[in-house]
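Asks: Contents are PDB, C-alpha atoms; file name data21.pdb:
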ATOM      1  CA  MET A   1      15.142  62.287  33.349
ATOM      2  CA  ASN A   2      15.056  58.880  31.950
ATOM      3  CA  ASN A   3      12.789  58.711  28.978
ATOM      4  CA  LYS A   4      12.737  55.142  27.886
ATOM      5  CA  HIS A   5      10.952  54.648  24.631
ATOM      6  CA  SER A   6      10.040  51.085  23.850
ATOM      7  CA  LYS A   7      10.520  50.329  20.207
ATOM      8  CA  LYS A   8       7.914  47.983  18.832
ATOM      9  CA  GLY A   9       8.581  45.879  15.743
ATOM     10  CA  PHE A  10      11.155  43.515  14.352
ATOM     11  CA  THR A  11      14.750  44.163  13.591
ATOM     12  CA  LEU A  12      16.191  43.531  10.144
ATOM     13  CA  VAL A  13      18.106  40.508  11.431
ATOM     14  CA  GLU A  14      14.945  38.917  12.834
ATOM     15  CA  ILE A  15      13.089  39.412   9.565
ATOM     16  CA  MET A  16      16.001  37.960   7.583
ATOM     17  CA  ILE A  17      16.107  34.888   9.830
ATOM     18  CA  VAL A  18      12.386  34.305   9.248
ATOM     19  CA  VAL A  19      12.856  34.660   5.478
ATOM     20  CA  VAL A  20      15.737  32.160   5.515
ATOM     21  CA  ILE A  21      13.677  29.663   7.529
ATOM     22  CA  ILE A  22      10.750  29.994   5.126
ATOM     23  CA  GLY A  23      13.128  29.522   2.192
ATOM     24  CA  LEU A  24      14.572  26.349   3.721
ATOM     25  CA  LEU A  25      11.105  24.937   4.368
ATOM     26  CA  ALA A  26      10.059  25.696   0.790
ATOM     27  CA  ALA A  27      13.258  24.124  -0.559
ATOM     28  CA  MET A  28      12.379  20.908   1.270
ATOM     29  CA  ALA A  29       8.653  20.939   0.526
ATOM     30  CA  ILE A  30       8.621  21.647  -3.233
ATOM     31  CA  PRO A  31      10.574  18.519  -4.314
ATOM     32  CA  ALA A  32       8.436  16.365  -2.028
ATOM     33  CA  PHE A  33       5.279  17.884  -3.511
ATOM     34  CA  ASN A  34       6.510  17.257  -7.059
ATOM     35  CA  LYS A  35       7.333  13.648  -6.193
ATOM     36  CA  VAL A  36       3.857  13.034  -4.770
ATOM     37  CA  ARG A  37       2.300  14.711  -7.796
ATOM     38  CA  ALA A  38       4.277  12.524 -10.205
ATOM     39  CA  GLN A  39       3.316   9.408  -8.251
ATOM     40  CA  SER A  40      -0.376  10.319  -8.371
ATOM     41  CA  ARG A  41      -0.193  10.878 -12.136
ATOM     42  CA  GLN A  42       1.515   7.514 -12.580
ATOM     43  CA  LYS A  43      -1.190   5.822 -10.516
ATOM     44  CA  ALA A  44      -3.901   7.488 -12.602
ATOM     45  CA  VAL A  45      -2.276   6.261 -15.837
ATOM     46  CA  THR A  46      -1.940   2.769 -14.342
ATOM     47  CA  ASN A  47      -5.607   2.848 -13.370
ATOM     48  CA  ASN A  48      -6.588   3.849 -16.917
ATOM     49  CA  LEU A  49      -4.517   0.967 -18.280
ATOM     50  CA  ARG A  50      -6.075  -1.412 -15.763
ATOM     51  CA  GLN A  51      -9.558  -0.363 -16.883
ATOM     52  CA  LEU A  52      -8.607  -0.809 -20.539
ATOM     53  CA  ALA A  53      -7.034  -4.192 -19.799
ATOM     54  CA  ALA A  54     -10.106  -5.415 -17.909
ATOM     55  CA  ALA A  55     -12.452  -4.195 -20.648
ATOM     56  CA  GLY A  56     -10.202  -5.703 -23.311
ATOM     57  CA  GLN A  57     -10.079  -9.025 -21.528
ATOM     58  CA  GLN A  58     -13.873  -9.072 -21.167
ATOM     59  CA  TYR A  59     -14.303  -8.150 -24.839
ATOM     60  CA  MET A  60     -11.890 -10.869 -25.950
ATOM     61  CA  LEU A  61     -13.647 -13.467 -23.795
ATOM     62  CA  ASP A  62     -17.085 -12.433 -25.054
ATOM     63  CA  LYS A  63     -16.091 -12.333 -28.724
ATOM     64  CA  GLY A  64     -13.601 -15.228 -28.705
ATOM     65  CA  VAL A  65     -10.783 -13.139 -30.192
ATOM     66  CA  THR A  66      -7.213 -12.414 -29.091
ATOM     67  CA  GLN A  67      -7.035  -8.724 -30.030
ATOM     68  CA  ALA A  68      -9.225  -5.689 -29.462
ATOM     69  CA  GLN A  69      -9.128  -2.179 -30.879
ATOM     70  CA  TYR A  70      -9.645   0.836 -28.652
ATOM     71  CA  THR A  71     -12.807   1.665 -30.621
ATOM     72  CA  ASP A  72     -14.226  -1.777 -29.786
ATOM     73  CA  LEU A  73     -13.989  -1.005 -26.077
ATOM     74  CA  VAL A  74     -14.582   2.702 -25.561
ATOM     75  CA  GLY A  75     -17.510   4.780 -26.717
ATOM     76  CA  THR A  76     -21.133   5.641 -26.123
ATOM     77  CA  ALA A  77     -22.592   2.678 -27.996
ATOM     78  CA  THR A  78     -24.466   0.180 -25.855
ATOM     79  CA  ASP A  79     -22.087  -2.638 -26.766
ATOM     80  CA  ASN A  80     -18.950  -0.744 -25.676
ATOM     81  CA  TYR A  81     -17.308  -1.796 -22.430
ATOM     82  CA  ILE A  82     -16.102   1.642 -21.226
ATOM     83  CA  ARG A  83     -17.729   5.023 -21.810
ATOM     84  CA  SER A  84     -14.563   7.081 -21.848
ATOM     85  CA  ILE A  85     -10.972   7.215 -20.676
ATOM     86  CA  THR A  86      -9.795  10.584 -19.424
ATOM     87  CA  PRO A  87      -6.116  11.178 -20.172
ATOM     88  CA  VAL A  88      -4.096  12.408 -17.224
ATOM     89  CA  ALA A  89      -2.436  15.837 -17.411
ATOM     90  CA  ASP A  90       0.933  15.686 -19.190
ATOM     91  CA  GLU A  91       0.166  12.194 -20.409
ATOM     92  CA  ALA A  92       2.307  11.429 -23.417
ATOM     93  CA  ALA A  93      -0.261   9.463 -25.377
ATOM     94  CA  SER A  94      -3.890   9.554 -26.186
ATOM     95  CA  TYR A  95      -5.412   6.114 -25.801
ATOM     96  CA  SER A  96      -7.229   6.131 -29.119
ATOM     97  CA  GLY A  97      -5.746   3.785 -31.653
ATOM     98  CA  PHE A  98      -4.253   1.411 -29.122
ATOM     99  CA  LEU A  99      -4.425  -2.319 -29.766
ATOM    100  CA  LEU A 100      -4.902  -4.743 -26.877
ATOM    101  CA  THR A 101      -3.478  -8.220 -27.209
ATOM    102  CA  GLN A 102      -4.180 -10.917 -24.676
ATOM    103  CA  GLY A 103      -1.571 -13.465 -23.645
ATOM    104  CA  THR A 104      -1.918 -16.123 -21.000
ATOM    105  CA  THR A 105      -1.084 -13.850 -18.051
ATOM    106  CA  GLN A 106      -0.990 -10.322 -19.423
ATOM    107  CA  VAL A 107      -2.642  -7.756 -21.636
ATOM    108  CA  SER A 108      -0.374  -5.616 -23.817
ATOM    109  CA  ILE A 109      -1.413  -2.204 -25.058
ATOM    110  CA  SER A 110       0.456  -0.860 -28.069
ATOM    111  CA  SER A 111      -0.023   2.020 -30.440
ATOM    112  CA  PRO A 112      -0.137   1.714 -34.209
ATOM    113  CA  GLY A 113       3.244   2.074 -35.869
ATOM    114  CA  GLY A 114       5.030   1.973 -32.516
ATOM    115  CA  ALA A 115       4.533   5.698 -31.927
ATOM    116  CA  PHE A 116       4.330   5.063 -28.178
ATOM    117  CA  PRO A 117       5.965   2.312 -26.153
ATOM    118  CA  THR A 118       4.024  -0.892 -25.534
ATOM    119  CA  VAL A 119       2.657  -1.154 -22.004
ATOM    120  CA  THR A 120       1.974  -4.536 -20.483
ATOM    121  CA  TYR A 121      -0.468  -5.058 -17.641
ATOM    122  CA  ASN A 122      -0.136  -8.369 -15.798
ATOM    123  CA  LEU A 123      -3.416 -10.084 -15.025
TER     124      LEU A 123
END
Since I need it in another form, could you write the structure as structure tokens?

Replies:
Amino acid sequence: MNNKHSKKGFTLVEIMIVVVIIGLLAAMAIPAFNKVRAQSRQKAVTNNLRQLAAAGQQYMLDKGVTQAQYTDLVGTATDNYIRSITPVADEAASYSGFLLTQGTTQVSISSPGGAFPTVTYNL
């Protein structure tokens, strides 16, 4: 009498192989995800700087000056050029207090006292 019982399920080796494959996929995907995330944050900061530079340039042209304070550009007053700048997560600096200086081909954004590095946006 041949009683053949079919065993349903996975063996321990099969489950371990699946776990190893998932681990390898995660090991490849997590660094790529972090890289894309860092790039998107950098692009958001660059976009904020571009908006500040454009508003600063417009302000300087309108007023005939070569420098502009952050408070001259951003706010809810009707004569401000930007309503608000939203800092990106993990951004090192708040934009308030920055001074924009216009050169012939670029706008530089620097913080008072040099607390944060000067960023230059080429026009």

Asks: For the file shown, what are the residues hit by the PyMOL selection byres ((chain A and resi 55) around 12), laid out as a PyMOL selection string?

Replies: chain A and resi 48-54+56-62+67-75+79-85+100-102+107

Asks: Point out the residue among A:Ala32, A:Gly23, A:Ser40, A:Val13 with the least atom-to-atom distance to Val88 (chain A), counting only C-alpha atoms.

Replies: A:Ser40

Asks: If I take CA of Phe10 (chain A) and CA of Ile30 (chain A), how far is one from the other in Å, to one decimal?

Replies: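 So the two atoms, CA of Phe10 (chain A) and CA of Ile30 (chain A), lie 28.2 Å apart.
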
Asks: Could you tell me how far CA of Val36 (chain A) lies from CA of Val18 (chain A), in Å and to one decimal?

Replies: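 According to the coordinates, CA of Val36 (chain A) and CA of Val18 (chain A) are separated by 26.9 Å.
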
Asks: Between CA of Ala38 (chain A) and CA of Thr86 (chain A), what distance in Å does the model show, to one decimal?

Replies: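 These two atoms are separated by 16.9 Å.
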